[in-house]
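Okay, protein_25.csv is below, CSV, C-alpha atoms:
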```csv
chain,number,residue,atom,x,y,z
M,15,MET,CA,-222.0,-250.3,235.8
M,16,ASP,CA,-225.1,-250.4,233.6
M,17,LYS,CA,-225.8,-253.4,231.5
M,18,LYS,CA,-224.8,-252.9,227.9
M,19,GLY,CA,-227.1,-253.6,225.0
M,20,ALA,CA,-225.8,-256.3,222.7
M,21,ILE,CA,-226.8,-258.5,219.8
M,22,LEU,CA,-226.7,-262.3,219.8
M,23,ILE,CA,-227.2,-263.9,216.4
M,24,LEU,CA,-228.0,-267.6,215.9
M,25,SER,CA,-227.9,-269.3,212.6
M,26,GLY,CA,-228.2,-273.0,211.6
M,27,PRO,CA,-230.3,-275.3,209.5
M,28,SER,CA,-234.0,-276.0,210.3
M,29,GLY,CA,-233.9,-279.1,212.3
M,30,CYS,CA,-230.7,-278.3,214.3
M,31,GLY,CA,-232.8,-277.6,217.4
M,32,LYS,CA,-232.5,-273.9,217.6
M,33,SER,CA,-236.0,-273.3,219.0
M,34,THR,CA,-235.5,-275.8,221.8
M,35,LEU,CA,-232.1,-274.3,222.7
M,36,LEU,CA,-233.6,-270.8,222.6
M,37,LYS,CA,-236.3,-271.8,225.1
M,38,LYS,CA,-233.5,-272.9,227.5
M,39,VAL,CA,-231.7,-269.6,227.0
M,40,TYR,CA,-234.9,-267.6,227.8
M,41,GLU,CA,-235.3,-269.5,231.1
M,42,ASN,CA,-231.8,-268.6,232.1
M,43,ILE,CA,-231.1,-265.0,231.1
M,44,GLU,CA,-232.7,-261.6,231.8
M,45,ASP,CA,-233.4,-258.5,229.8
M,46,TYR,CA,-233.5,-259.9,226.3
M,47,TYR,CA,-235.6,-259.0,223.3
M,48,PHE,CA,-236.2,-261.6,220.6
M,49,SER,CA,-236.1,-259.9,217.2
M,50,ILE,CA,-239.2,-260.6,215.1
M,51,SER,CA,-238.9,-260.4,211.3
M,52,THR,CA,-241.3,-258.5,209.1
M,53,THR,CA,-242.6,-260.3,206.0
M,54,THR,CA,-245.0,-259.7,203.1
M,55,ARG,CA,-245.9,-263.4,202.8
M,56,GLU,CA,-249.3,-264.8,203.9
M,57,PRO,CA,-249.5,-266.1,207.5
M,58,ARG,CA,-249.6,-269.9,207.6
M,59,GLU,CA,-252.1,-271.8,209.8
M,60,GLY,CA,-251.4,-271.1,213.5
M,61,GLU,CA,-249.0,-268.2,212.8
M,62,GLN,CA,-249.7,-265.0,214.8
M,63,ASN,CA,-248.9,-261.4,213.9
M,64,GLY,CA,-246.3,-260.0,216.3
M,65,VAL,CA,-245.3,-263.5,217.5
M,66,ASP,CA,-244.1,-265.4,214.4
M,67,TYR,CA,-243.7,-262.4,212.1
M,68,PHE,CA,-245.0,-258.9,211.6
M,69,PHE,CA,-247.2,-259.5,208.6
M,70,VAL,CA,-247.4,-256.4,206.4
M,71,ARG,CA,-248.5,-255.4,202.9
M,72,LYS,CA,-246.0,-255.3,200.1
M,73,GLU,CA,-246.5,-251.5,199.5
M,74,ASP,CA,-245.7,-250.8,203.2
M,75,PHE,CA,-242.6,-253.0,203.1
M,76,GLU,CA,-241.4,-251.2,200.0
M,77,GLU,CA,-242.1,-247.8,201.6
M,78,ASP,CA,-240.0,-248.9,204.6
M,79,ILE,CA,-237.1,-250.0,202.4
M,80,LYS,CA,-237.2,-246.5,200.7
M,81,ASN,CA,-237.1,-244.8,204.1
M,82,GLY,CA,-234.2,-246.9,205.4
M,83,GLN,CA,-236.3,-248.6,208.1
M,84,PHE,CA,-234.6,-252.0,207.7
M,85,LEU,CA,-231.5,-253.2,209.3
M,86,GLU,CA,-231.5,-256.0,206.7
M,87,TRP,CA,-234.0,-257.3,204.2
M,88,ALA,CA,-234.2,-259.8,201.3
M,89,GLU,CA,-236.6,-260.9,198.7
M,90,VAL,CA,-237.2,-264.7,198.6
M,91,HIS,CA,-239.6,-266.3,196.1
M,92,GLY,CA,-241.4,-263.1,195.5
M,93,ASN,CA,-241.9,-262.3,199.2
M,94,TYR,CA,-240.0,-259.8,201.3
M,95,TYR,CA,-238.4,-260.6,204.7
M,96,GLY,CA,-236.6,-258.0,206.8
M,97,THR,CA,-235.6,-256.8,210.3
M,98,SER,CA,-237.0,-253.4,211.3
M,99,LEU,CA,-234.3,-251.1,212.7
M,100,LYS,CA,-236.5,-249.2,215.3
M,101,PRO,CA,-237.3,-252.0,217.9
M,102,ILE,CA,-233.7,-253.1,217.7
M,103,LYS,CA,-232.4,-249.6,218.4
M,104,GLU,CA,-234.9,-249.2,221.3
M,105,ALA,CA,-233.9,-252.6,222.9
M,106,LEU,CA,-230.2,-251.8,222.6
M,107,SER,CA,-230.6,-248.4,224.2
M,108,GLU,CA,-232.4,-250.1,227.1
M,109,GLY,CA,-229.4,-252.3,227.6
M,110,LYS,CA,-231.2,-255.4,226.3
M,111,LEU,CA,-229.7,-258.5,224.7
M,112,VAL,CA,-231.3,-258.6,221.2
M,113,ILE,CA,-231.5,-262.1,219.9
M,114,PHE,CA,-231.7,-262.9,216.2
M,115,ASP,CA,-232.5,-266.2,214.5
M,116,ILE,CA,-231.4,-265.4,210.9
M,117,ASP,CA,-229.6,-267.0,208.0
M,118,VAL,CA,-226.0,-266.6,207.0
M,119,GLN,CA,-226.7,-263.7,204.7
M,120,GLY,CA,-228.6,-261.8,207.4
M,121,HIS,CA,-225.7,-262.5,209.8
M,122,GLU,CA,-223.2,-261.1,207.4
M,123,ILE,CA,-225.2,-257.8,206.9
M,124,VAL,CA,-226.0,-257.3,210.6
M,125,ARG,CA,-222.4,-258.1,211.6
M,126,LYS,CA,-221.0,-255.6,209.1
M,127,LYS,CA,-223.3,-252.8,210.3
M,128,LEU,CA,-223.1,-253.5,214.0
M,129,GLU,CA,-219.8,-255.3,214.4
M,130,LYS,CA,-219.0,-254.0,217.9
M,131,VAL,CA,-222.2,-255.3,219.6
M,132,VAL,CA,-222.5,-258.6,217.8
M,133,THR,CA,-221.8,-262.1,219.2
M,134,SER,CA,-222.8,-264.9,216.8
M,135,VAL,CA,-223.2,-268.6,217.0
M,136,PHE,CA,-223.6,-271.3,214.3
M,137,ILE,CA,-225.6,-274.3,215.5
M,138,THR,CA,-225.8,-277.6,213.7
M,139,THR,CA,-226.5,-281.3,214.0
M,140,PRO,CA,-223.5,-283.6,214.3
M,141,SER,CA,-223.8,-284.6,210.6
M,142,LEU,CA,-225.9,-284.1,207.5
M,143,ASP,CA,-227.4,-287.6,207.9
M,144,GLU,CA,-228.5,-286.7,211.4
M,145,LEU,CA,-230.1,-283.5,210.1
M,146,GLU,CA,-232.0,-285.5,207.4
M,147,ARG,CA,-233.2,-288.0,210.0
M,148,ARG,CA,-234.5,-285.2,212.3
M,149,LEU,CA,-236.3,-283.4,209.5
M,150,THR,CA,-237.9,-286.7,208.3
M,151,ASN,CA,-238.9,-287.8,211.8
M,152,ARG,CA,-240.5,-284.5,212.9
M,153,ASP,CA,-243.0,-285.1,210.0
M,154,THR,CA,-243.9,-281.5,209.5
M,155,ASP,CA,-242.5,-280.9,206.0
M,156,THR,CA,-243.1,-282.4,202.6
M,157,SER,CA,-240.2,-284.2,201.0
M,158,ALA,CA,-239.7,-281.3,198.6
M,159,VAL,CA,-239.3,-278.9,201.5
M,160,ILE,CA,-236.9,-281.3,203.3
M,161,ALA,CA,-234.8,-281.6,200.2
M,162,ARG,CA,-234.6,-277.8,199.9
M,163,ARG,CA,-233.6,-277.5,203.6
M,164,ILE,CA,-230.9,-280.1,203.1
M,165,GLU,CA,-229.5,-278.2,200.1
M,166,ASN,CA,-229.6,-275.0,202.1
M,167,ALA,CA,-227.8,-276.6,205.0
M,168,LYS,CA,-225.0,-277.9,202.7
M,169,TYR,CA,-224.5,-274.4,201.6
M,170,GLU,CA,-224.7,-272.7,205.0
M,171,ILE,CA,-222.3,-275.0,206.8
M,172,LYS,CA,-219.5,-273.5,204.7
M,173,SER,CA,-219.9,-270.2,206.5
M,174,PHE,CA,-219.6,-271.5,210.1
M,175,GLN,CA,-216.2,-269.9,210.6
M,176,LYS,CA,-217.6,-266.4,210.1
M,177,TYR,CA,-219.4,-266.9,213.4
M,178,ASP,CA,-217.8,-266.4,216.8
M,179,TYR,CA,-218.9,-269.8,218.2
M,180,PHE,CA,-219.8,-273.2,216.8
M,181,ILE,CA,-222.1,-275.5,218.6
M,182,GLU,CA,-222.7,-279.1,217.5
M,183,ASN,CA,-226.1,-280.0,219.0
M,184,ASP,CA,-225.7,-283.7,219.8
M,185,ASP,CA,-226.5,-283.4,223.5
M,186,LEU,CA,-229.2,-280.9,224.4
M,187,GLU,CA,-228.0,-280.2,227.9
M,188,LYS,CA,-224.4,-279.6,226.8
M,189,ALA,CA,-225.5,-277.5,223.9
M,190,SER,CA,-227.9,-275.4,225.9
M,191,ASN,CA,-225.4,-274.8,228.6
M,192,GLU,CA,-223.0,-273.5,226.0
M,193,LEU,CA,-225.6,-271.2,224.5
M,194,ILE,CA,-226.6,-269.9,227.9
M,195,SER,CA,-223.0,-269.1,228.7
M,196,ILE,CA,-222.6,-267.2,225.4
M,197,ALA,CA,-225.8,-265.3,226.1
M,198,LYS,CA,-224.7,-264.4,229.6
M,199,ILE,CA,-221.4,-262.8,228.5
M,200,ALA,CA,-222.5,-261.2,225.2
M,201,ARG,CA,-222.9,-257.9,227.1
M,202,ILE,CA,-219.4,-257.8,228.6
M,203,LYS,CA,-217.5,-257.7,225.2
M,204,SER,CA,-214.8,-255.1,225.7
M,205,LYS,CA,-215.8,-253.4,222.5
M,206,LEU,CA,-219.1,-252.4,224.0
M,207,PHE,CA,-217.5,-250.0,226.4
M,208,ASP,CA,-216.7,-246.5,225.3
M,209,LYS,CA,-212.9,-246.4,225.7
M,210,ASP,CA,-212.3,-242.8,226.6
M,211,GLU,CA,-215.3,-242.6,228.9
M,212,LEU,CA,-214.5,-245.7,230.8
M,213,ILE,CA,-210.8,-244.8,231.3
M,214,LYS,CA,-211.8,-241.3,232.5
M,215,ASN,CA,-214.4,-242.7,234.9
M,216,TRP,CA,-212.0,-245.3,236.1
M,217,LEU,CA,-209.2,-242.9,236.8
M,218,GLY,CA,-211.7,-240.7,238.6
M,219,ASN,CA,-211.0,-237.4,236.9
C,71,MET,CA,-216.6,-284.3,218.9
C,72,ASP,CA,-213.3,-284.0,220.8
C,73,LYS,CA,-212.7,-281.0,223.1
C,74,LYS,CA,-210.4,-278.5,221.4
C,75,GLY,CA,-207.4,-277.1,223.1
C,76,ALA,CA,-207.6,-273.3,223.7
C,77,ILE,CA,-206.0,-270.5,225.6
C,78,LEU,CA,-207.7,-268.2,228.1
C,79,ILE,CA,-205.6,-265.1,229.0
C,80,LEU,CA,-206.4,-263.0,232.1
C,81,SER,CA,-204.9,-259.6,232.7
C,82,GLY,CA,-205.6,-256.9,235.3
C,83,PRO,CA,-203.9,-255.0,238.1
C,84,SER,CA,-202.7,-256.7,241.3
C,85,GLY,CA,-205.5,-256.2,243.7
C,86,CYS,CA,-208.3,-256.7,241.2
C,87,GLY,CA,-209.1,-260.1,242.6
C,88,LYS,CA,-207.8,-262.4,239.8
C,89,SER,CA,-206.6,-265.1,242.1
C,90,THR,CA,-209.9,-265.4,243.9
C,91,LEU,CA,-211.8,-265.4,240.6
C,92,LEU,CA,-209.4,-268.1,239.2
C,93,LYS,CA,-210.1,-270.4,242.2
C,94,LYS,CA,-213.9,-270.2,241.3
C,95,VAL,CA,-213.1,-271.0,237.7
C,96,TYR,CA,-211.0,-274.1,238.7
C,97,GLU,CA,-213.9,-275.4,240.8
C,98,ASN,CA,-216.2,-275.1,237.8
C,99,ILE,CA,-214.4,-276.3,234.8
C,100,GLU,CA,-212.5,-279.4,233.6
C,101,ASP,CA,-209.4,-280.1,231.7
C,102,TYR,CA,-207.5,-277.0,232.3
C,103,TYR,CA,-203.8,-276.3,232.6
C,104,PHE,CA,-202.5,-273.2,234.4
C,105,SER,CA,-199.5,-271.8,232.7
C,106,ILE,CA,-196.6,-271.3,235.1
C,107,SER,CA,-194.0,-268.7,234.2
C,108,THR,CA,-190.3,-269.3,234.3
C,109,THR,CA,-188.0,-266.7,236.0
C,110,THR,CA,-184.4,-266.1,236.9
C,111,ARG,CA,-185.2,-264.0,240.0
C,112,GLU,CA,-184.7,-265.5,243.5
C,113,PRO,CA,-187.7,-267.3,245.1
C,114,ARG,CA,-189.4,-265.2,247.8
C,115,GLU,CA,-190.3,-266.6,251.2
C,116,GLY,CA,-193.0,-269.3,250.7
C,117,GLU,CA,-192.7,-269.5,247.0
C,118,GLN,CA,-192.4,-273.0,245.5
C,119,ASN,CA,-190.6,-274.1,242.4
C,120,GLY,CA,-193.2,-275.5,239.9
C,121,VAL,CA,-196.1,-273.8,241.8
C,122,ASP,CA,-195.4,-270.1,241.8
C,123,TYR,CA,-192.7,-270.1,239.1
C,124,PHE,CA,-190.2,-272.4,237.5
C,125,PHE,CA,-187.0,-270.9,239.0
C,126,VAL,CA,-184.0,-271.3,236.7
C,127,ARG,CA,-180.5,-270.0,236.3
C,128,LYS,CA,-179.8,-267.0,234.1
C,129,GLU,CA,-177.6,-269.1,231.7
C,130,ASP,CA,-180.3,-271.7,231.3
C,131,PHE,CA,-182.9,-269.0,230.5
C,132,GLU,CA,-180.6,-267.4,227.9
C,133,GLU,CA,-179.9,-270.8,226.4
C,134,ASP,CA,-183.7,-271.4,226.1
C,135,ILE,CA,-184.2,-268.0,224.5
C,136,LYS,CA,-181.5,-268.8,221.9
C,137,ASN,CA,-183.2,-272.1,221.1
C,138,GLY,CA,-186.7,-270.5,220.7
C,139,GLN,CA,-188.1,-272.3,223.7
C,140,PHE,CA,-190.2,-269.4,224.9
C,141,LEU,CA,-193.7,-268.4,223.7
C,142,GLU,CA,-193.0,-264.9,225.2
C,143,TRP,CA,-190.3,-263.5,227.5
C,144,ALA,CA,-189.2,-260.2,228.9
C,145,GLU,CA,-186.4,-258.7,231.1
C,146,VAL,CA,-187.7,-256.7,234.1
C,147,HIS,CA,-185.3,-255.0,236.5
C,148,GLY,CA,-182.4,-257.4,235.5
C,149,ASN,CA,-184.5,-260.6,235.8
C,150,TYR,CA,-185.9,-262.7,233.1
C,151,TYR,CA,-189.6,-263.8,233.0
C,152,GLY,CA,-191.0,-266.0,230.3
C,153,THR,CA,-193.5,-268.7,229.2
C,154,SER,CA,-192.0,-272.0,228.0
C,155,LEU,CA,-193.6,-273.2,224.8
C,156,LYS,CA,-193.4,-276.9,225.4
C,157,PRO,CA,-195.9,-277.4,228.3
C,158,ILE,CA,-198.4,-275.1,226.4
C,159,LYS,CA,-198.1,-277.1,223.2
C,160,GLU,CA,-198.6,-280.4,225.1
C,161,ALA,CA,-201.7,-279.1,227.0
C,162,LEU,CA,-203.2,-277.8,223.8
C,163,SER,CA,-202.7,-281.1,222.0
C,164,GLU,CA,-204.4,-282.8,224.8
C,165,GLY,CA,-207.5,-280.6,224.3
C,166,LYS,CA,-206.9,-278.6,227.5
C,167,LEU,CA,-207.8,-275.1,228.3
C,168,VAL,CA,-204.5,-273.3,229.0
C,169,ILE,CA,-205.0,-270.4,231.4
C,170,PHE,CA,-202.5,-267.5,231.5
C,171,ASP,CA,-202.3,-264.8,234.1
C,172,ILE,CA,-200.0,-262.3,232.2
C,173,ASP,CA,-199.7,-258.6,231.7
C,174,VAL,CA,-200.8,-256.6,228.6
C,175,GLN,CA,-197.5,-256.9,226.8
C,176,GLY,CA,-197.6,-260.7,227.3
C,177,HIS,CA,-201.2,-260.8,226.1
C,178,GLU,CA,-200.3,-258.9,222.9
C,179,ILE,CA,-197.5,-261.3,222.0
C,180,VAL,CA,-199.4,-264.5,222.8
C,181,ARG,CA,-202.4,-263.2,220.9
C,182,LYS,CA,-200.4,-262.3,217.9
C,183,LYS,CA,-198.7,-265.8,217.8
C,184,LEU,CA,-201.8,-267.9,218.6
C,185,GLU,CA,-204.7,-265.6,217.6
C,186,LYS,CA,-207.1,-268.5,216.6
C,187,VAL,CA,-207.0,-270.2,220.0
C,188,VAL,CA,-207.0,-267.2,222.3
C,189,THR,CA,-209.9,-265.8,224.3
C,190,SER,CA,-208.8,-262.9,226.6
C,191,VAL,CA,-210.3,-261.1,229.6
C,192,PHE,CA,-209.3,-257.8,231.2
C,193,ILE,CA,-210.3,-257.7,234.9
C,194,THR,CA,-210.3,-254.6,237.1
C,195,THR,CA,-211.8,-253.0,240.1
C,196,PRO,CA,-214.7,-250.5,239.7
C,197,SER,CA,-212.2,-247.5,240.0
C,198,LEU,CA,-208.6,-246.6,240.7
C,199,ASP,CA,-209.6,-245.4,244.2
C,200,GLU,CA,-211.0,-248.8,244.9
C,201,LEU,CA,-207.9,-250.5,243.7
C,202,GLU,CA,-205.7,-248.3,246.0
C,203,ARG,CA,-208.0,-249.2,248.9
C,204,ARG,CA,-207.7,-252.9,248.3
C,205,LEU,CA,-204.0,-252.8,247.9
C,206,THR,CA,-203.6,-250.8,251.1
C,207,ASN,CA,-206.0,-252.9,253.1
C,208,ARG,CA,-204.5,-256.2,252.2
C,209,ASP,CA,-201.3,-255.0,253.9
C,210,THR,CA,-198.9,-257.2,252.0
C,211,ASP,CA,-197.0,-254.6,250.1
C,212,THR,CA,-194.8,-251.6,251.0
C,213,SER,CA,-196.1,-248.2,250.0
C,214,ALA,CA,-193.4,-248.0,247.3
C,215,VAL,CA,-194.7,-251.3,245.8
C,216,ILE,CA,-198.3,-250.1,246.0
C,217,ALA,CA,-197.3,-246.9,244.2
C,218,ARG,CA,-195.7,-248.8,241.4
C,219,ARG,CA,-198.7,-251.1,241.1
C,220,ILE,CA,-201.0,-248.1,240.8
C,221,GLU,CA,-198.8,-246.5,238.1
C,222,ASN,CA,-198.9,-249.8,236.3
C,223,ALA,CA,-202.7,-250.1,236.6
C,224,LYS,CA,-203.1,-246.6,235.1
C,225,TYR,CA,-201.0,-247.6,232.2
C,226,GLU,CA,-202.6,-251.1,231.6
C,227,ILE,CA,-206.3,-249.9,231.8
C,228,LYS,CA,-205.7,-248.1,228.5
C,229,SER,CA,-205.4,-251.5,226.7
C,230,PHE,CA,-208.7,-253.0,227.9
C,231,GLN,CA,-210.3,-252.9,224.5
C,232,LYS,CA,-207.6,-255.2,223.0
C,233,TYR,CA,-209.2,-258.0,225.1
C,234,ASP,CA,-212.3,-259.9,224.1
C,235,TYR,CA,-214.1,-259.3,227.4
C,236,PHE,CA,-214.0,-256.7,230.2
C,237,ILE,CA,-215.0,-257.6,233.8
C,238,GLU,CA,-215.4,-255.0,236.5
C,239,ASN,CA,-215.0,-257.0,239.7
C,240,ASP,CA,-217.3,-255.2,242.0
C,241,ASP,CA,-219.4,-258.2,242.9
C,242,LEU,CA,-217.4,-261.5,243.4
C,243,GLU,CA,-220.3,-263.8,242.5
C,244,LYS,CA,-221.3,-261.9,239.4
C,245,ALA,CA,-217.7,-261.5,238.2
C,246,SER,CA,-216.9,-265.2,238.9
C,247,ASN,CA,-220.0,-266.3,237.0
C,248,GLU,CA,-219.0,-264.2,234.0
C,249,LEU,CA,-215.4,-265.7,234.1
C,250,ILE,CA,-216.7,-269.2,234.4
C,251,SER,CA,-219.0,-268.7,231.4
C,252,ILE,CA,-216.1,-267.4,229.4
C,253,ALA,CA,-213.9,-270.3,230.4
C,254,LYS,CA,-216.7,-272.8,229.5
C,255,ILE,CA,-217.0,-271.6,225.9
C,256,ALA,CA,-213.4,-270.8,225.1
C,257,ARG,CA,-213.2,-274.2,223.4
C,258,ILE,CA,-216.1,-273.7,221.1
C,259,LYS,CA,-214.7,-270.7,219.2
C,260,SER,CA,-215.4,-271.4,215.6
C,261,LYS,CA,-211.9,-270.6,214.6
C,262,LEU,CA,-210.6,-273.6,216.5
C,263,PHE,CA,-212.2,-276.0,214.1
C,264,ASP,CA,-210.4,-277.0,210.9
C,265,LYS,CA,-212.8,-275.7,208.3
C,266,ASP,CA,-212.2,-278.2,205.5
C,267,GLU,CA,-212.1,-281.2,207.8
C,268,LEU,CA,-215.2,-280.2,209.6
C,269,ILE,CA,-217.2,-279.6,206.4
C,270,LYS,CA,-216.0,-282.9,204.9
C,271,ASN,CA,-217.0,-284.9,208.0
C,272,TRP,CA,-220.3,-283.1,208.4
C,273,LEU,CA,-221.3,-283.8,204.8
C,274,GLY,CA,-220.2,-287.4,205.4
C,275,ASN,CA,-218.0,-287.9,202.3
```
Rendering of file as structure tokens:
Amino acid sequence: MDKKGAILILSGPSGCGKSTLLKKVYENIEDYYFSISTTTREPREGEQNGVDYFFVRKEDFEEDIKNGQFLEWAEVHGNYYGTSLKPIKEALSEGKLVIFDIDVQGHEIVRKKLEKVVTSVFITTPSLDELERRLTNRDTDTSAVIARRIENAKYEIKSFQKYDYFIENDDLEKASNELISIAKIARIKSKLFDKDELIKNWLGN
Amino acid sequence: MDKKGAILILSGPSGCGKSTLLKKVYENIEDYYFSISTTTREPREGEQNGVDYFFVRKEDFEEDIKNGQFLEWAEVHGNYYGTSLKPIKEALSEGKLVIFDIDVQGHEIVRKKLEKVVTSVFITTPSLDELERRLTNRDTDTSAVIARRIENAKYEIKSFQKYDYFIENDDLEKASNELISIAKIARIKSKLFDKDELIKNWLGN
């Protein structure tokens, strides 16, 4: 039986440990494609085109919107952010597990459009206090940015039940094992199999 | 965070390898409770009360039906078969993973009654021919029994998409790894968490 293409969506506040967990997943699964967002904002120091984002011009982004090239997109503080449909479709047709790191709105749109192939996970810290501690300790953001992330986290936690799974990242090994298990079985969701075709083949006629 | 109680339902034709797969699961997970059915039929040679089934008298079974003591029950060829509610409730309240090996009708009833806590898996052989080969080779059933199992399998395969996951058991290691992964994450389904309580605790107020 061929591997089925499927989508794994991760959401959760900055500081919840998503990137570290994802690294563990990549070391333990095969045939995945990490979805890279497209944006019109300027690259920050150290950011690479095609790695952190696809950086494009505003006119090109708007042209792609018109032509229905985005699976989902949004405008935030005057900049566009979106997920191009083409690489996702290609990866799915090759039987890959497509991994998204997107926010709760993005999850809702992708889920609505591609319900059958989606498995989703909401990841968070054990508490808001712990999130604040981690964001302060990593010392990469200004206090204004931290404050905005905290406000956003308070808002996003309310949607955790719209996801299939909930991971409280208080123990890296436990949390990464859970995420690896989820990634490993995302492609055996029964909805991914064409019912009539499977039954016909199984009966052998 | 305490472990949540959850239910894992396995269905699939006799001969698909469920018992072997379950053994692998038991070696790799903790805090599970295997649900034992209650029946009014006579024990067969080698069957033990409390291991293979709880064997009870017809009058007692009917009394329990009247008193709403069954999560699900059915009458097959004049005998009753059912799942008592009490041990399931206890195991769930202790945060255990309750494992059921039941047929598609049983799955439908348990799922309807306990939707939020259920994860379900349909397991089968790669083909009907392969199922017939395995049933014939294991040499434990009469040809009449094999014929009935085959007819039943043809009927049950049609319901595979009502399950969360579909496992084609053509490679024991691969199939058991998939089932172990499913068992490991059954207790982190987001629906298992009380939304208001979790948000309140997370926000810390």
- Of the residues C:Val187, C:Ile193, C:Val180, C:Ala161, which is the one nearest to Leu242 in chain C, using all atoms listed in the file?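 Nearest candidate to Leu242 in chain C out of C:Val187, C:Ile193, C:Val180, C:Ala161: C:Ile193.
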- Message: Report as a ChimeraX atom specification all protein, DNA and RNA residues lying within 9 Å of range 135-139 of chain C, evaluated on only C-alpha atoms, omitting residues in the same chain fewer than 6 positions from it.
- Response: /C:153-156
- Message: For a quick test of understanding: name the residues of chain M lying within 7 Å of chain C when counting all atoms listed in the file, and present them as a ChimeraX atom specification.
- Response: /M:140-142,171-172,174-175,177-181,192,195,199,202-205,213,216-218
Can you write out the residues you just picked, keeping C-alpha atoms, as a short mmCIF file (atom, residue, chain, number, x, y, z; two decimals), keeping the file's coordinate frame?
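The resulting file, selection-v6.cif, is shown below:
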```
data_model
loop_
_atom_site.label_atom_id
_atom_site.label_comp_id
_atom_site.auth_asym_id
_atom_site.auth_seq_id
_atom_site.Cartn_x
_atom_site.Cartn_y
_atom_site.Cartn_z
CA PRO M 140 -223.50 -283.60 214.30
CA SER M 141 -223.80 -284.60 210.60
CA LEU M 142 -225.90 -284.10 207.50
CA ILE M 171 -222.30 -275.00 206.80
CA LYS M 172 -219.50 -273.50 204.70
CA PHE M 174 -219.60 -271.50 210.10
CA GLN M 175 -216.20 -269.90 210.60
CA TYR M 177 -219.40 -266.90 213.40
CA ASP M 178 -217.80 -266.40 216.80
CA TYR M 179 -218.90 -269.80 218.20
CA PHE M 180 -219.80 -273.20 216.80
CA ILE M 181 -222.10 -275.50 218.60
CA GLU M 192 -223.00 -273.50 226.00
CA SER M 195 -223.00 -269.10 228.70
CA ILE M 199 -221.40 -262.80 228.50
CA ILE M 202 -219.40 -257.80 228.60
CA LYS M 203 -217.50 -257.70 225.20
CA SER M 204 -214.80 -255.10 225.70
CA LYS M 205 -215.80 -253.40 222.50
CA ILE M 213 -210.80 -244.80 231.30
CA TRP M 216 -212.00 -245.30 236.10
CA LEU M 217 -209.20 -242.90 236.80
CA GLY M 218 -211.70 -240.70 238.60
#
```
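In this structure, CA of Tyr47 in chain M sits 13.7 Å away from CA of Leu24 in chain M.
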- Query: What separation in Å, quoted to one decimal, exists between CA of Asp173 in chain C and CA of Tyr123 in chain C?
  - Reply: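 If I compute the distance from CA of Asp173 in chain C to CA of Tyr123 in chain C, I get 15.4 Å.
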- Item | Distance in Å - CA of Thr154 in chain M versus CA of Pro27 in chain M | 14.9 Å
- Task: For Gly148 in chain C, list every protein, DNA or RNA residue within 12 Å, evaluated using only C-alpha atoms, and leave out those in the same chain fewer than 5 positions away; present the list as a list in words.
- Result: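 The filter keeps Thr109, Thr110, Arg111, Glu112 and Lys128 of chain C.
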- Message: The residues within 12 Å of (-231.9, -278.8, 229.2), using only C-alpha atoms and the coordinates of the file, should be reported as a ChimeraX atom specification; which are they?
- Response: /M:31,34-42,183,185-194
- Task: Counting all atoms listed in the file, figure out which residue out of M:Gln62, M:Thr133, M:Thr150, M:Ser25 gets nearest to Gln119 in chain M.
- Result: M:Ser25
- range 100-102 of chain C surroundings by only C-alpha atoms, 10 Å radius, close-in-sequence under 5 positions cut, as a PyMOL selection string: chain C and resi 73+75-78+95+161-162+164-169+253-254
Might I get the box with edges along x, y and z of the file that holds all atoms of range 20-31 of chain M listed there, padded by 6 Å on every side, given as centre and edge lengths in Å to one decimal, as AutoDock Vina command-line options?
```
--center_x -229.9 --center_y -267.7 --center_z 216.1 --size_x 20.2 --size_y 34.8 --size_z 25.2
```
- From the list C:Pro113, C:Ile106, C:Arg181, C:Ile216, which residue is nearest Gly152 in chain C when using all atoms listed in the file?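 The answer is C:Ile106, which sits nearest to Gly152 in chain C.
Of the residues under consideration (M:Arg163, M:His91, M:Arg71, M:Lys126), M:Arg163 shows the shortest atom-to-atom contact distance to Leu145 in chain M when counting all atoms listed in the file.
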- Item | Val215 in chain C environment, 12 Å, all atoms listed in the file, sequence neighbours closer than 4 positions dropped, as number ranges by chain | C: 84, 202, 205-206, 209-211, 219-222
Write the residues of the preceding selection, restricted to C-alpha atoms, as a compact mmCIF listing (two decimals), in the coordinates of the input.
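Once written, again08.txt looks like this:
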```txt
# COMPACT_ATOMS: atom_id res chain seq x y z
CA SER C 84 -202.70 -256.70 241.30
CA GLU C 202 -205.70 -248.30 246.00
CA LEU C 205 -204.00 -252.80 247.90
CA THR C 206 -203.60 -250.80 251.10
CA ASP C 209 -201.30 -255.00 253.90
CA THR C 210 -198.90 -257.20 252.00
CA ASP C 211 -197.00 -254.60 250.10
CA ARG C 219 -198.70 -251.10 241.10
CA ILE C 220 -201.00 -248.10 240.80
CA GLU C 221 -198.80 -246.50 238.10
CA ASN C 222 -198.90 -249.80 236.30
```
- All residues 10 Å or closer to Gly64 in chain M, only C-alpha atoms, same chain fewer than 5 positions away omitted, as a count of residues only: 4
